[in-house]
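Participant: So that you have it, the file is target.cif, and it contains mmCIF, C-alpha atoms:
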```
data_coords
#
loop_
_atom_site.label_atom_id
_atom_site.label_comp_id
_atom_site.auth_asym_id
_atom_site.auth_seq_id
_atom_site.Cartn_x
_atom_site.Cartn_y
_atom_site.Cartn_z
CA LYS I 5 32.67 8.37 -39.68
CA GLU I 6 33.35 11.76 -41.12
CA PHE I 7 35.89 13.74 -39.16
CA LEU I 8 37.73 16.98 -39.89
CA ASN I 9 40.26 16.97 -42.72
CA SER I 10 40.81 20.55 -43.87
CA VAL I 11 43.95 21.54 -41.91
CA SER I 12 47.16 19.56 -41.40
CA LYS I 13 48.46 18.81 -37.91
CA THR I 14 51.59 20.87 -38.49
CA GLU I 15 49.48 24.01 -38.90
CA SER I 16 47.78 23.70 -35.53
CA MET I 17 50.25 25.56 -33.31
CA GLY I 18 50.84 28.35 -35.81
CA LEU I 19 47.15 28.99 -36.35
CA TYR I 20 46.39 29.01 -32.65
CA THR I 21 49.29 31.34 -31.92
CA SER I 22 48.17 33.67 -34.72
CA ALA I 23 44.62 33.76 -33.37
CA LEU I 24 45.75 34.64 -29.87
CA THR I 25 48.26 37.22 -31.13
CA CYS I 26 45.56 38.96 -33.17
CA LEU I 27 43.29 38.91 -30.14
CA VAL I 28 45.90 40.64 -27.99
CA LEU I 29 46.50 43.31 -30.63
CA LEU I 30 42.80 44.01 -31.06
CA THR I 31 42.12 44.22 -27.34
CA ALA I 32 44.83 46.78 -26.64
CA THR I 33 42.35 49.68 -26.80
CA PRO I 34 38.98 49.09 -25.11
CA SER I 35 35.82 50.67 -26.46
CA SER I 36 32.08 50.16 -26.36
CA ASP I 37 31.70 47.04 -28.49
CA ALA I 38 32.46 43.53 -27.25
CA PHE I 39 32.64 40.13 -28.85
CA SER I 40 33.40 36.70 -27.37
CA ILE I 41 35.59 34.57 -29.60
CA LEU I 42 37.68 32.21 -27.50
CA PRO I 43 36.41 29.82 -24.83
CA SER I 44 37.32 32.08 -21.93
CA ASN I 45 33.84 33.56 -22.57
CA ARG I 46 35.01 37.00 -21.52
CA PRO I 47 34.07 40.05 -23.59
CA VAL I 48 36.65 41.15 -26.14
CA PHE I 49 36.76 44.93 -26.41
CA THR I 50 37.33 46.43 -29.82
CA SER I 51 36.13 49.17 -32.12
CA VAL I 52 33.27 48.73 -34.55
CA HIS I 53 35.77 49.00 -37.40
CA SER I 54 37.46 45.77 -36.32
CA LYS I 55 34.50 43.41 -36.85
CA SER I 56 35.97 41.88 -39.98
CA ALA I 57 39.24 41.28 -38.15
CA LEU I 58 37.33 39.64 -35.30
CA ASN I 59 35.61 37.34 -37.78
CA ALA I 60 39.06 36.42 -39.07
CA ILE I 61 40.12 35.51 -35.53
CA GLY I 62 37.04 33.30 -35.26
CA VAL I 63 38.14 31.48 -38.40
CA LEU I 64 41.70 31.07 -37.10
CA ALA I 65 40.48 29.77 -33.75
CA ARG I 66 38.18 27.30 -35.50
CA LYS I 67 40.87 26.05 -37.89
CA ALA I 68 43.36 25.60 -35.05
CA LYS I 69 40.86 23.64 -33.00
CA GLU I 70 39.87 21.54 -36.02
CA ALA I 71 43.52 20.52 -36.40
CA GLU I 72 43.71 19.67 -32.70
CA VAL I 73 40.53 17.58 -32.89
CA ARG I 74 41.83 15.75 -35.94
CA SER I 75 45.04 14.93 -34.09
CA TYR I 76 42.97 13.55 -31.21
CA VAL I 77 40.91 11.38 -33.57
CA GLU I 78 43.98 10.07 -35.38
CA GLY I 79 45.49 9.12 -32.03
CA GLY I 80 42.56 6.82 -31.30
CA VAL I 81 39.20 7.72 -29.78
CA GLU I 82 38.34 6.06 -26.48
CA GLU I 83 35.54 3.47 -26.47
CA ASP I 84 33.32 5.44 -24.11
CA VAL I 85 33.61 8.51 -26.36
CA LEU I 86 32.78 6.44 -29.46
CA ALA I 87 29.75 5.05 -27.66
CA LYS I 88 28.49 8.58 -26.96
CA TYR I 89 29.25 9.61 -30.56
CA GLU I 90 27.27 6.69 -31.98
CA ALA I 91 24.38 7.40 -29.60
CA MET I 92 24.31 11.01 -30.85
CA LYS I 93 24.15 9.87 -34.44
CA GLY I 94 21.40 7.40 -33.58
CA GLY I 95 19.19 10.27 -32.48
CA ALA I 96 16.50 10.39 -29.82
CA PRO I 97 13.12 12.05 -29.27
CA GLU I 98 13.58 15.76 -28.72
CA SER I 99 12.01 17.54 -25.76
CA ASN I 100 11.11 21.20 -25.37
CA ASP I 101 11.23 20.91 -21.59
CA PRO I 102 14.16 22.56 -19.79
CA GLY I 103 16.93 20.12 -18.92
CA PRO I 104 18.45 19.76 -15.44
CA VAL I 105 21.23 22.29 -16.12
CA GLN I 106 18.83 24.96 -17.35
CA THR I 107 16.55 24.21 -14.40
CA SER I 108 19.43 24.61 -11.95
CA LEU I 109 20.25 28.00 -13.51
CA THR I 110 16.70 29.31 -13.46
CA LYS I 111 15.59 30.43 -10.02
CA ARG I 112 12.78 32.70 -8.92
CA LYS I 113 12.95 36.37 -9.83
CA GLY I 114 15.38 38.37 -7.74
CA ASN I 115 18.01 35.65 -7.65
CA ILE I 116 20.99 34.97 -9.88
CA CYS I 117 22.87 31.71 -10.38
CA ILE I 118 26.63 31.56 -10.71
CA ILE I 119 28.53 29.40 -13.19
CA SER I 120 32.07 29.34 -11.82
CA GLU I 121 34.83 28.45 -14.25
CA TYR I 122 37.84 26.38 -13.29
CA LYS I 123 41.06 27.07 -15.13
CA LYS I 124 44.79 26.89 -14.41
CA LYS I 125 46.14 29.31 -16.98
CA PHE I 126 45.35 32.95 -17.71
CA GLU I 127 45.98 34.88 -20.91
CA SER I 128 47.47 37.83 -19.03
CA ALA I 129 49.61 35.95 -16.52
CA GLY I 130 50.16 32.35 -17.63
CA PHE I 131 49.88 29.60 -15.01
CA ILE I 132 49.01 30.75 -11.48
CA ASP I 133 50.66 28.85 -8.64
CA GLU I 134 47.91 29.66 -6.16
CA ILE I 135 45.12 27.97 -8.13
CA LEU I 136 43.92 24.98 -6.15
CA GLU I 137 43.73 21.52 -7.67
CA PRO I 138 40.35 20.70 -9.27
CA ASN I 139 39.32 18.16 -6.62
CA ILE I 140 39.84 20.81 -3.91
CA ILE I 141 38.32 23.90 -5.49
CA SER I 142 35.35 21.89 -6.78
CA SER I 143 33.96 21.60 -3.25
CA THR I 144 34.61 25.31 -2.65
CA PHE I 145 32.42 26.23 -5.62
CA ARG I 146 29.62 24.03 -4.27
CA GLU I 147 29.83 25.05 -0.62
CA PHE I 148 29.85 28.78 -1.39
CA GLY I 149 26.75 28.71 -3.57
CA ALA I 150 27.66 28.22 -7.24
CA SER I 151 24.96 26.56 -9.34
CA ALA I 152 27.30 24.94 -11.87
CA VAL I 153 31.00 24.45 -12.58
CA SER I 154 32.52 25.13 -15.99
CA VAL I 155 35.89 23.65 -16.94
CA LEU I 156 37.97 25.39 -19.60
CA ALA I 157 39.01 22.14 -21.27
CA ASP I 158 41.32 23.78 -23.79
CA GLU I 159 44.87 23.12 -22.62
CA ARG I 160 46.49 25.94 -24.62
CA VAL I 161 44.09 28.61 -23.38
CA GLY I 162 43.05 27.44 -19.93
CA GLY I 163 45.60 24.83 -18.93
CA CYS I 164 42.88 22.19 -18.36
CA THR I 165 41.93 18.99 -20.17
CA TYR I 166 38.97 16.63 -20.21
CA ASP I 167 40.66 14.80 -17.33
CA ASP I 168 39.97 17.86 -15.18
CA ILE I 169 36.28 17.54 -16.08
CA LYS I 170 36.38 13.93 -14.87
CA ILE I 171 38.05 14.93 -11.60
CA ILE I 172 35.48 17.62 -10.84
CA VAL I 173 32.56 15.37 -11.82
CA LYS I 174 33.87 12.71 -9.44
CA GLU I 175 34.31 15.20 -6.59
CA GLN I 176 30.82 16.60 -7.10
CA SER I 177 29.34 13.10 -7.02
CA ASN I 178 30.73 12.67 -3.50
CA SER I 179 28.10 15.12 -2.23
CA LYS I 180 25.09 13.05 -3.33
CA GLY I 181 22.51 13.02 -0.58
CA GLU I 182 24.00 16.11 1.03
CA VAL I 183 23.02 19.78 1.07
CA PRO I 184 24.23 21.35 -1.11
CA GLY I 185 24.30 18.44 -3.51
CA PRO I 186 26.37 17.85 -6.66
CA LEU I 187 26.66 20.68 -9.16
CA PRO I 188 26.36 20.05 -12.90
CA VAL I 189 29.66 20.31 -14.77
CA ILE I 190 29.91 22.16 -18.09
CA SER I 191 32.61 21.78 -20.75
CA SER I 192 34.04 25.06 -22.03
CA ASP I 193 36.24 23.83 -24.88
CA VAL I 194 36.18 25.59 -28.29
CA ILE I 195 33.54 23.33 -29.81
CA VAL I 196 33.90 22.86 -33.58
CA ASP I 197 32.96 19.18 -34.01
CA GLU I 198 30.42 16.79 -32.52
CA ILE I 199 33.16 14.44 -31.29
CA GLN I 200 33.99 17.09 -28.66
CA ILE I 201 30.41 16.96 -27.38
CA ALA I 202 30.68 13.17 -27.14
CA ARG I 203 34.01 13.54 -25.34
CA ALA I 204 32.54 15.99 -22.83
CA ALA I 205 29.59 13.66 -22.19
CA ALA I 206 31.92 10.69 -21.68
CA ALA I 207 33.86 12.76 -19.13
CA GLY I 208 30.64 13.34 -17.19
CA ALA I 209 29.71 16.87 -18.27
CA GLU I 210 26.01 17.65 -18.58
CA ALA I 211 26.31 20.68 -20.86
CA TYR I 212 28.78 22.52 -23.07
CA PHE I 213 29.48 26.01 -24.36
CA VAL I 214 29.63 26.71 -28.09
CA THR I 215 30.34 30.12 -29.64
CA MET I 216 28.14 31.50 -32.43
CA SER I 217 30.96 33.50 -34.05
CA VAL I 218 33.14 30.38 -34.31
CA VAL I 219 30.71 27.86 -35.84
CA GLY I 220 27.71 29.82 -37.18
CA PRO I 221 23.94 29.22 -36.80
CA ASP I 222 23.68 26.04 -38.90
CA LYS I 223 26.22 24.23 -36.76
CA ILE I 224 24.50 25.51 -33.63
CA GLN I 225 21.26 23.87 -34.76
CA GLU I 226 23.08 20.62 -35.54
CA PHE I 227 24.91 20.57 -32.21
CA VAL I 228 21.74 21.28 -30.22
CA LYS I 229 20.02 18.27 -31.79
CA LEU I 230 23.02 15.96 -31.48
CA GLY I 231 23.65 16.97 -27.88
CA SER I 232 20.05 16.46 -26.85
CA ALA I 233 20.22 12.88 -28.14
CA ILE I 234 22.63 12.04 -25.31
CA GLY I 235 21.24 14.42 -22.69
CA MET I 236 23.78 17.19 -23.27
CA GLU I 237 22.46 20.73 -22.96
CA THR I 238 23.81 23.56 -25.10
CA ILE I 239 24.82 27.05 -23.96
CA VAL I 240 25.53 29.41 -26.84
CA ASN I 241 27.98 32.30 -26.45
CA VAL I 242 26.79 35.39 -28.33
CA SER I 243 27.93 38.99 -28.66
CA GLY I 244 24.68 40.81 -29.43
CA LYS I 245 20.94 40.65 -29.98
CA ASP I 246 21.11 39.32 -33.55
CA GLU I 247 23.30 36.38 -32.53
CA ALA I 248 21.14 35.75 -29.47
CA GLN I 249 17.94 35.53 -31.52
CA LYS I 250 19.64 33.32 -34.13
CA ALA I 251 20.77 30.95 -31.37
CA VAL I 252 17.23 30.72 -30.00
CA ASP I 253 15.84 30.19 -33.52
CA MET I 254 18.31 27.31 -33.93
CA GLY I 255 16.93 25.62 -30.80
CA ALA I 256 19.21 26.87 -28.03
CA ARG I 257 17.49 27.77 -24.76
CA MET I 258 20.51 28.94 -22.77
CA ILE I 259 22.23 32.07 -24.06
CA CYS I 260 25.45 33.51 -22.62
CA ILE I 261 25.84 37.16 -23.56
CA SER I 262 29.10 39.12 -23.71
CA GLY I 263 29.12 42.89 -23.75
CA ALA I 264 31.27 45.88 -22.93
CA ASP I 265 29.08 46.85 -19.97
CA VAL I 266 25.77 46.21 -18.26
CA ASN I 267 23.77 48.23 -20.80
CA ALA I 268 25.24 46.33 -23.76
CA LYS I 269 24.32 42.99 -22.20
CA VAL I 270 20.81 44.14 -21.34
CA GLU I 271 20.25 45.48 -24.87
CA ALA I 272 21.37 42.15 -26.35
CA LYS I 273 18.81 40.32 -24.20
CA GLU I 274 15.79 42.54 -24.74
CA GLY I 275 13.25 41.28 -27.25
CA VAL I 276 14.87 37.86 -27.71
CA SER I 277 12.21 35.15 -27.44
CA ALA I 278 11.41 31.51 -28.21
CA PRO I 279 8.22 30.15 -29.80
CA GLY I 280 5.22 29.64 -27.55
CA ASP I 281 5.91 29.66 -23.87
CA GLU I 282 9.35 28.06 -24.05
CA GLN I 283 11.67 29.51 -21.46
CA VAL I 284 15.04 31.00 -22.38
CA CYS I 285 17.75 31.24 -19.71
CA PHE I 286 19.91 34.35 -20.11
CA ILE I 287 23.43 34.22 -18.68
CA ALA I 288 25.75 37.23 -18.52
CA SER I 289 29.46 36.73 -19.15
CA ILE I 290 31.31 38.79 -16.54
CA GLY I 291 34.59 40.15 -17.84
CA ALA I 292 37.44 40.62 -15.39
CA ARG I 293 38.74 44.15 -14.80
CA ASP I 294 42.48 44.75 -14.90
CA ASP I 295 42.67 45.85 -11.29
CA LYS I 296 42.27 44.52 -7.76
CA SER I 297 38.83 45.99 -7.18
CA LEU I 298 35.80 43.76 -7.40
CA ALA I 299 33.40 45.89 -9.41
CA GLU I 300 32.38 42.61 -11.08
CA VAL I 301 30.29 41.87 -7.99
CA GLU I 302 28.30 45.07 -8.49
CA GLU I 303 27.87 44.19 -12.17
CA VAL I 304 26.31 40.85 -11.22
CA TRP I 305 23.91 42.60 -8.83
CA GLN I 306 22.88 45.01 -11.61
CA LEU I 307 22.37 42.24 -14.15
CA ARG I 308 20.31 40.25 -11.65
CA ASP I 309 18.04 43.28 -11.23
CA LYS I 310 17.77 43.53 -15.04
CA GLY I 311 16.40 40.01 -15.34
CA PHE I 312 19.43 37.81 -16.02
CA GLN I 313 19.10 34.34 -14.52
CA GLY I 314 22.79 33.49 -14.48
CA ALA I 315 26.30 34.93 -14.47
CA PHE I 316 29.36 33.22 -15.94
CA VAL I 317 32.42 34.18 -13.90
CA SER I 318 35.99 33.18 -14.58
CA ASP I 319 39.15 35.27 -14.14
CA CYS I 320 37.67 37.62 -11.54
CA LEU I 321 37.34 34.66 -9.15
CA TYR I 322 41.12 34.36 -9.00
CA LYS I 323 42.21 37.99 -8.67
CA SER I 324 43.41 37.52 -5.12
CA GLY I 325 44.43 33.87 -5.31
CA ASN I 326 43.45 32.10 -2.09
CA ASP I 327 43.31 35.23 0.05
CA SER I 328 41.40 34.51 3.26
CA THR I 329 38.66 37.07 2.50
CA GLU I 330 38.69 37.30 -1.30
CA HIS I 331 39.10 33.69 -2.39
CA PRO I 332 36.88 32.31 -5.23
CA GLY I 333 34.20 31.00 -2.88
CA ALA I 334 33.89 34.32 -1.09
CA ILE I 335 33.47 36.17 -4.38
CA ILE I 336 30.74 33.73 -5.45
CA ARG I 337 28.92 34.26 -2.17
CA SER I 338 29.09 38.04 -2.52
CA MET I 339 27.71 37.87 -6.07
CA LYS I 340 24.71 35.89 -4.82
CA ALA I 341 24.05 38.28 -1.91
CA LYS I 342 20.73 40.09 -1.82
CA SER I 343 22.47 43.43 -1.83
CA SER I 344 22.04 46.12 -4.47
CA VAL I 345 24.06 49.02 -5.82
CA LYS I 346 21.18 51.20 -4.62
CA TRP I 347 22.09 50.49 -1.02
CA ALA I 348 25.63 49.15 -0.88
CA SER I 349 28.99 49.01 -2.59
CA VAL I 350 31.57 46.27 -2.70
CA LYS I 351 34.24 48.96 -2.64
CA ALA I 352 33.36 50.92 0.49
CA ARG I 353 31.06 51.07 3.47
CA GLY I 354 28.09 53.28 2.78
CA GLY I 355 24.48 53.55 1.73
CA LYS I 356 21.24 53.59 3.64
CA GLY I 357 18.62 51.02 4.44
CA GLU I 358 18.68 47.28 3.88
CA GLY I 359 21.99 45.98 2.61
CA ALA I 360 23.95 49.06 3.65
CA LYS I 361 26.48 46.97 5.55
CA GLU I 362 26.76 44.32 2.88
CA TYR I 363 29.92 45.69 1.37
CA LEU I 364 32.31 43.03 0.14
CA GLY I 365 34.14 42.37 3.42
CA ASP I 366 30.93 41.74 5.34
CA ILE I 367 29.43 39.52 2.65
CA MET I 368 32.53 37.42 2.28
CA MET I 369 32.94 36.80 5.99
#
```
Show the structure stored in the file as structure tokens.
Facilitator:
Amino acid sequence: KEFLNSVSKTESMGLYTSALTCLVLLTATPSSDAFSILPSNRPVFTSVHSKSALNAIGVLARKAKEAEVRSYVEGGVEEDVLAKYEAMKGGAPESNDPGPVQTSLTKRKGNICIISEYKKKFESAGFIDEILEPNIISSTFREFGASAVSVLADERVGGCTYDDIKIIVKEQSNSKGEVPGPLPVISSDVIVDEIQIARAAAAGAEAYFVTMSVVGPDKIQEFVKLGSAIGMETIVNVSGKDEAQKAVDMGARMICISGADVNAKVEAKEGVSAPGDEQVCFIASIGARDDKSLAEVEEVWQLRDKGFQGAFVSDCLYKSGNDSTEHPGAIIRSMKAKSSVKWASVKARGGKGEGAKEYLGDIMM
């Protein structure tokens, strides 16, 4: 088997630290452009003049993860992961039909599905004591209306591992035969090698995120085919229309778009299409604001009205910890509400007509 061999293990920590340090420096001054580089899938704000620097960060992040993956392989790959890896390499008939994850994220017009991310560590604040254990918060995501659970299985960035995927998969399976039933679980590691896809599948995940700026279109095409051989669906993180169309051309049918604001996300989506009548699921990555307001809820409403089928939400779920009215489940429920910025605000009572009383407090209760 051919595994990664371009970076030594001793370089791993330094490369990863350099990548994150550069990211912090570049994000100090927000502007209109946004690019998603690391697995947090939040938009990275920077000026147009910093694109080459952002590409350099993508390279650093990839190299650091390659070293980490190599260390994992050298330590001995588990039998169930090897079995998935060999099944991927064996190939299987490809299907153009939407898989179960894409189906769960594609509802009728006027609705939006929420992918809620579980993580224990935050770039701005480190580990948060109030974050519930995965087996507890997993049921909260389900009961409050999320359509899927993503796990940031990168220990340096999100504080989680593939064991957390296993825990959440097991908890979700406990709801078989109930309403709501089990949610699909998605791996949100920085994918650079197919062994990570096999590892996610062995942990019970049904899909995974991969970032265009980290691996490039050729790898995207390879990963889509390898993943489909073992029933793993691919969600590609992109930062604009060109990347979105490339991802679709490479076979991806779920696209997660980062952008500085609603307009940037909508512009990246418009005109992107697949051959024939194949359906593409567009997911908006919702970046967390650096305040205690919940304008992210309004953003989800706006993106729903602009035709997005899904919203990926992460840090904004945890702004208030486990507050009785603004806990993660309550925020998910408010994002799925039928309200609109035309009639209501999450920040204050007001508006006229239907939805006027659906400000955040009412929705969450």
Participant: List the spatial neighbours of I:Val196 as a VMD selection string - criterion: any atom at most 7 Å away, all atoms listed in the file, same-chain residues fewer than 5 positions off excluded.
Facilitator: chain I and resid 66 70 219
Participant: Just say which residues the PyMOL selection byres ((chain I and resi 300) around 10) picks in this file, as a PyMOL selection string.
Facilitator: chain I and resi 290-293+297-299+301-306+317+320-321+335+339+350
Participant: Keeping only C-alpha atoms, write the selected residues as an mmCIF file, in the frame of the given file.
Facilitator:
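Now in out.cif:
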```cif
data_model
loop_
_atom_site.group_PDB
_atom_site.id
_atom_site.type_symbol
_atom_site.label_atom_id
_atom_site.label_comp_id
_atom_site.auth_asym_id
_atom_site.auth_seq_id
_atom_site.Cartn_x
_atom_site.Cartn_y
_atom_site.Cartn_z
ATOM 1 C CA ILE I 290 31.310 38.790 -16.540
ATOM 2 C CA GLY I 291 34.590 40.150 -17.840
ATOM 3 C CA ALA I 292 37.440 40.620 -15.390
ATOM 4 C CA ARG I 293 38.740 44.150 -14.800
ATOM 5 C CA SER I 297 38.830 45.990 -7.180
ATOM 6 C CA LEU I 298 35.800 43.760 -7.400
ATOM 7 C CA ALA I 299 33.400 45.890 -9.410
ATOM 8 C CA VAL I 301 30.290 41.870 -7.990
ATOM 9 C CA GLU I 302 28.300 45.070 -8.490
ATOM 10 C CA GLU I 303 27.870 44.190 -12.170
ATOM 11 C CA VAL I 304 26.310 40.850 -11.220
ATOM 12 C CA TRP I 305 23.910 42.600 -8.830
ATOM 13 C CA GLN I 306 22.880 45.010 -11.610
ATOM 14 C CA VAL I 317 32.420 34.180 -13.900
ATOM 15 C CA CYS I 320 37.670 37.620 -11.540
ATOM 16 C CA LEU I 321 37.340 34.660 -9.150
ATOM 17 C CA ILE I 335 33.470 36.170 -4.380
ATOM 18 C CA MET I 339 27.710 37.870 -6.070
ATOM 19 C CA VAL I 350 31.570 46.270 -2.700
#
```
Participant: Pick out the closest residue to I:Ala207 from this set: I:Ser192, I:Lys170, I:Ile234, I:Ile141. Count only C-alpha atoms.
Facilitator: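 Result for the nearest residue to I:Ala207: I:Lys170.
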Participant: Return as a VMD selection string the set of residues that the PyMOL selection byres ((chain I and resi 308-313) around 12) yields on the displayed structure.
Facilitator: chain I and resid 106 to 119 151 258 to 261 266 to 274 283 to 290 301 to 307 314 to 316 339 to 346
Participant: Between I:Ile199, I:Ile140, I:Ala152, I:Ile135, which one has atoms that come closest to I:Tyr76, using all atoms listed in the file?
Facilitator: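 Among the listed residues, the smallest separation from I:Tyr76 belongs to I:Ile199.
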